[in-house]
Amino acid sequence: MMEKTTSKDPACSTEETASESAKVPTAEPPREVAVSESTGEERVPKPQAPAPQAPAAPTTTKPAPPSEDVPSAPLLLTLEDVSNSSVTVSWEPPESLGRLGLQGYVLELCREGASEWVPVSARPMMVTQQTVRNLALGDKLLLRVSAVSSAGAGPPAMLDQPVHIRENIEAPKIRVPRHLRQTYIRQVGETVNLQIPFQGKPKPRATWTHNGHALDSQRVSVRTGDQDSILFIRSAQRSDSGRYELTVHVEGLEAKAAIDILVIEKPGPPSSIRLLDVWGCNAALQWTPPQDTGNTELLGYTVQKADKKTGQWFTVLERYHPTTCTISDLIIGNSYSFRVFSENLCGLSASATVTKELAHIQKADITAKPKGFIERDFSEAPSFTQPLADHTSTPGYSTQLFCSVRASPKPKIIWMKNKMEIQGNPKYRALSEQGVCTLEIRKPSPFDSGVYTCKAINVLGEASVDCRLEVKASATH
């Protein structure tokens with residue numbers, strides 16, 4: 001593979017040393033190469049200006065007929081890149097390298113309007129791509145390349161069009177901040193300060209419009225820099241609402257961005273209100289929407305009431321959307337006034353619309369008619385809902401027996417051991433609460449083993465439950 005190289009022009013220079021310079025035979029008379037001994041860089045002398053009477057155009061001498069010793073013209077000469085100070089070209093090797101072999105390539109340039117071709121490097125370079133640097137902005141250059149052997153230079157390959165050295169063009173882009181991608185809302189009197197960043201090369205030119213028309217310089221000021229444009233309104237008015245469009249131009253390219261601004265203020269009160277009807281402890285109201293909504297849609301209405309005695313206003317409904325409502329739970333004997341506010345994003349209207357007439361809540365003749373009460377009989381004979389359970393205990397540790405009984409009236413509870421009542425025996429403690437019957441046996445011994453019975457008795461009957469208690473004697477060693 002052949003290596004790529006970078007050359008600098010006459011601005012143009014390459015990194016070749018003066019000691020390696022050599023005259024290269026070309027189809028035209030060769031020009032001398034001036035060498036700077038201090039820097040070791042090749043400098044191609046600038047071509048002389050053409051005489052005024054002769055038109056400035058590059059002149060090429062018809063190349064000698066190709067021989068077997070001279071290479072043919074390089075193939076596919078291509079412009080790879082152009083910047084504001086350099087140009088890069090590439091090519092493919094020629095079809096025929098000649099009998100003597102290829103020594104390299106010579107790249108030459110000719111400024112538009114000049115007649116002389118200036119070699120970029122002092123000697124042939126064995127590369128198929130070269131970059132010419134340190135070019136002047138605005139230059140227009142013709143470029144050609146020839147393959148060279150020891151017999152001389154072959155016919156050149158030449159670019160079809162001159163290369164224009166100019167600043168790189170970067171398509172303009174506008175980056176609208178996230179909070180401006182939806183409608184930007186401000187209140188009347190607030191400042192509007194929008195900073196919109198953009199990019200592009202060369203320096204973009206920015207213009208603003210408001211609803212498709214030029215901005216009013218009396219109200220809106222614009223400052224545009226290299227990377228952003230700022231739109232400023234010191235005190236916003238409702239007339240400033242609308243679509244602002246920013247257009248950024250770079251050469252023949254442009255980018256656009258639209259920003260919607262809405263300037264709002266508090267709405268006016270409802271146009272009118274009237275009391276439709278009063279019945280019982282209720283009053284029906286109806287009102288009409290305000291003529292001025294504050295340049296935005298309403299969030300609803302706030303309805304308030306005040307009784308004639310105190311005159312204090314109390315909110316009944318907030319952000320209520322319909323234009324009719326019924327106010328309930330009014331106090332009998334009082335007279336009420338009602339008022340309605342409009343509301344939008346800025347808040348409630350500065351004033352409210354008040355009913356002209358009062359709503360009088362009349363006292364009605366009310367007669368209590370108590371219904372007959374039928375007393376229910378809850379009497380029932382005792383019945384156990386939870387029976388006693390057999391139990392095993394350890395001597396010396398108190399134990400308890402439980403059961404549950406339901407009865408009305410409250411039953412008498414009798415505890416028995418082996419069919420014998422144990423009431424009054426201090427070894428036993430009997431409790432009965434909320435239908436739960438408990439028998440506590442304090443520090444039982446094997447003698448306390450047996451069958452225990454709980455009996456419940458009332459006027460409607462009796463019931464009983466049994467269980468067996470076994471107190472195991474501790475083992476002796």
# chains A, B, ... in the order shown; residues from 1 in each chain; ligands from 1

call {"tool": "residues_around", "arguments": {"residues": "Glu95 in chain A", "least_positions_apart": "6", "cutoff": "12 Å", "atoms": "only C-alpha atoms", "output": "CSV table (one decimal) with N, CA, C and O atoms, in the first residue's frame"}}
result
chain,number,residue,atom,x,y,z
A,70,VAL,N,7.5,6.0,-20.3
A,70,VAL,CA,6.8,7.1,-19.5
A,70,VAL,C,5.5,6.5,-19.0
A,70,VAL,O,4.8,5.9,-19.8
A,71,PRO,N,5.2,6.6,-17.7
A,71,PRO,CA,3.9,6.1,-17.2
A,71,PRO,C,2.7,6.8,-17.8
A,71,PRO,O,2.8,8.0,-18.3
A,72,SER,N,1.6,6.2,-17.8
A,72,SER,CA,0.4,6.8,-18.3
A,72,SER,C,-0.2,7.7,-17.2
A,72,SER,O,0.4,7.8,-16.1
A,73,ALA,N,-1.3,8.4,-17.4
A,73,ALA,CA,-1.9,9.3,-16.5
A,73,ALA,C,-2.5,8.6,-15.3
A,73,ALA,O,-3.1,7.5,-15.5
A,74,PRO,N,-2.3,9.1,-14.1
A,74,PRO,CA,-3.0,8.5,-12.9
A,74,PRO,C,-4.5,8.5,-13.1
A,74,PRO,O,-5.1,9.3,-13.8
A,75,LEU,N,-5.2,7.5,-12.4
A,75,LEU,CA,-6.6,7.3,-12.6
A,75,LEU,C,-7.4,7.9,-11.4
A,75,LEU,O,-6.9,8.0,-10.3
A,76,LEU,N,-8.6,8.3,-11.7
A,76,LEU,CA,-9.6,8.6,-10.7
A,76,LEU,C,-9.1,9.7,-9.7
A,76,LEU,O,-9.1,9.5,-8.5
A,102,LEU,N,8.0,3.1,-11.8
A,102,LEU,CA,7.4,4.4,-11.3
A,102,LEU,C,8.3,4.9,-10.2
A,102,LEU,O,8.7,4.2,-9.2
A,147,ALA,N,2.3,11.0,-13.1
A,147,ALA,CA,3.2,9.9,-12.6
A,147,ALA,C,4.6,10.1,-13.3
A,147,ALA,O,4.7,10.5,-14.4
A,154,GLY,N,4.7,11.5,-17.0
A,154,GLY,CA,3.7,11.1,-18.0
A,154,GLY,C,2.6,12.2,-18.1
A,154,GLY,O,2.7,13.3,-17.5

call {"tool": "residues_around", "arguments": {"residues": "Ser404 in chain A", "least_positions_apart": "5", "cutoff": "7 Å", "atoms": "only C-alpha atoms", "output": "PyMOL selection string"}}
result
chain A and resi 384-387+435-437

call {"tool": "write_last_selection", "arguments": {"atoms": "N, CA and C atoms", "output": "tab-separated table (two decimals), in the first residue's frame"}}
result
chain	number	residue	atom	x	y	z
A	384	PHE	N	-75.17	-23.40	76.18
A	384	PHE	CA	-73.73	-23.20	76.17
A	384	PHE	C	-73.25	-23.10	74.71
A	385	THR	N	-72.60	-21.99	74.40
A	385	THR	CA	-72.04	-21.79	73.06
A	385	THR	C	-70.62	-22.33	72.95
A	386	GLN	N	-69.95	-22.52	74.10
A	386	GLN	CA	-68.61	-23.10	74.13
A	386	GLN	C	-68.54	-24.06	75.32
A	387	PRO	N	-68.45	-25.36	75.10
A	387	PRO	CA	-68.47	-26.30	76.22
A	387	PRO	C	-67.11	-26.33	76.92
A	435	GLY	N	-71.06	-13.62	79.79
A	435	GLY	CA	-71.38	-14.95	79.32
A	435	GLY	C	-70.23	-15.93	79.36
A	436	VAL	N	-69.02	-15.50	79.77
A	436	VAL	CA	-67.86	-16.39	79.86
A	436	VAL	C	-67.71	-16.82	81.32
A	437	CYS	N	-67.77	-18.13	81.55
A	437	CYS	CA	-67.69	-18.68	82.90
A	437	CYS	C	-66.31	-19.30	83.10

call {"tool": "closest_residue", "arguments": {"among": "A:Thr293, A:Ser393, A:Thr323, A:Thr209", "to": "Leu348 in chain A", "atoms": "only C-alpha atoms"}}
result
A:Thr293

call {"tool": "closest_residue", "arguments": {"among": "A:Lys410, A:Arg111, A:Lys363, A:Lys356", "to": "Ile331 in chain A", "atoms": "only C-alpha atoms"}}
result
A:Lys363

call {"tool": "atom_distance", "arguments": {"atom1": "CA of Ala255 in chain A", "atom2": "CA of Trp208 in chain A"}}
result
12.0 Å

call {"tool": "closest_residue", "arguments": {"among": "A:Pro202, A:Gly152, A:Pro382, A:Gly252", "to": "Ser83 in chain A", "atoms": "only C-alpha atoms"}}
result
A:Pro202

call {"tool": "residues_around", "arguments": {"residues": "range 300-310 of chain A", "least_positions_apart": "6", "cutoff": "10 Å", "atoms": "only C-alpha atoms", "output": "PyMOL selection string"}}
result
chain A and resi 269-270+285+289+316-323+325+327+330-331+334-344+348-349+352-354+358-360

call {"tool": "residues_around", "arguments": {"residues": "range 240-251 of chain A", "least_positions_apart": "2", "cutoff": "7 Å", "atoms": "only C-alpha atoms", "output": "CSV table (one decimal) with C-alpha atoms, in the first residue's frame"}}
result
chain,number,residue,atom,x,y,z
A,171,ALA,CA,-25.8,23.4,8.4
A,172,PRO,CA,-27.6,25.6,10.9
A,200,GLY,CA,-23.7,26.8,12.2
A,201,LYS,CA,-20.7,27.9,10.2
A,202,PRO,CA,-19.8,30.4,9.0
A,204,PRO,CA,-25.2,32.4,11.1
A,205,ARG,CA,-27.6,35.3,10.5
A,206,ALA,CA,-30.7,35.2,12.7
A,207,THR,CA,-34.1,36.9,12.1
A,208,TRP,CA,-37.3,36.9,14.1
A,209,THR,CA,-40.9,37.3,13.1
A,210,HIS,CA,-44.2,37.7,15.1
A,211,ASN,CA,-47.2,36.0,13.6
A,236,ALA,CA,-45.5,42.0,28.3
A,237,GLN,CA,-48.9,42.9,27.1
A,238,ARG,CA,-51.7,40.7,25.7
A,253,LEU,CA,-29.2,26.9,4.2
A,254,GLU,CA,-31.7,27.8,6.9
A,255,ALA,CA,-33.3,26.4,10.1
A,256,LYS,CA,-36.5,27.5,11.7
A,257,ALA,CA,-38.0,27.2,15.2
A,258,ALA,CA,-41.4,28.4,16.4
A,259,ILE,CA,-42.2,29.5,20.0
A,260,ASP,CA,-45.7,30.2,21.1
A,261,ILE,CA,-46.1,32.9,23.8
A,262,LEU,CA,-49.4,33.6,25.7
A,263,VAL,CA,-49.7,36.7,27.8
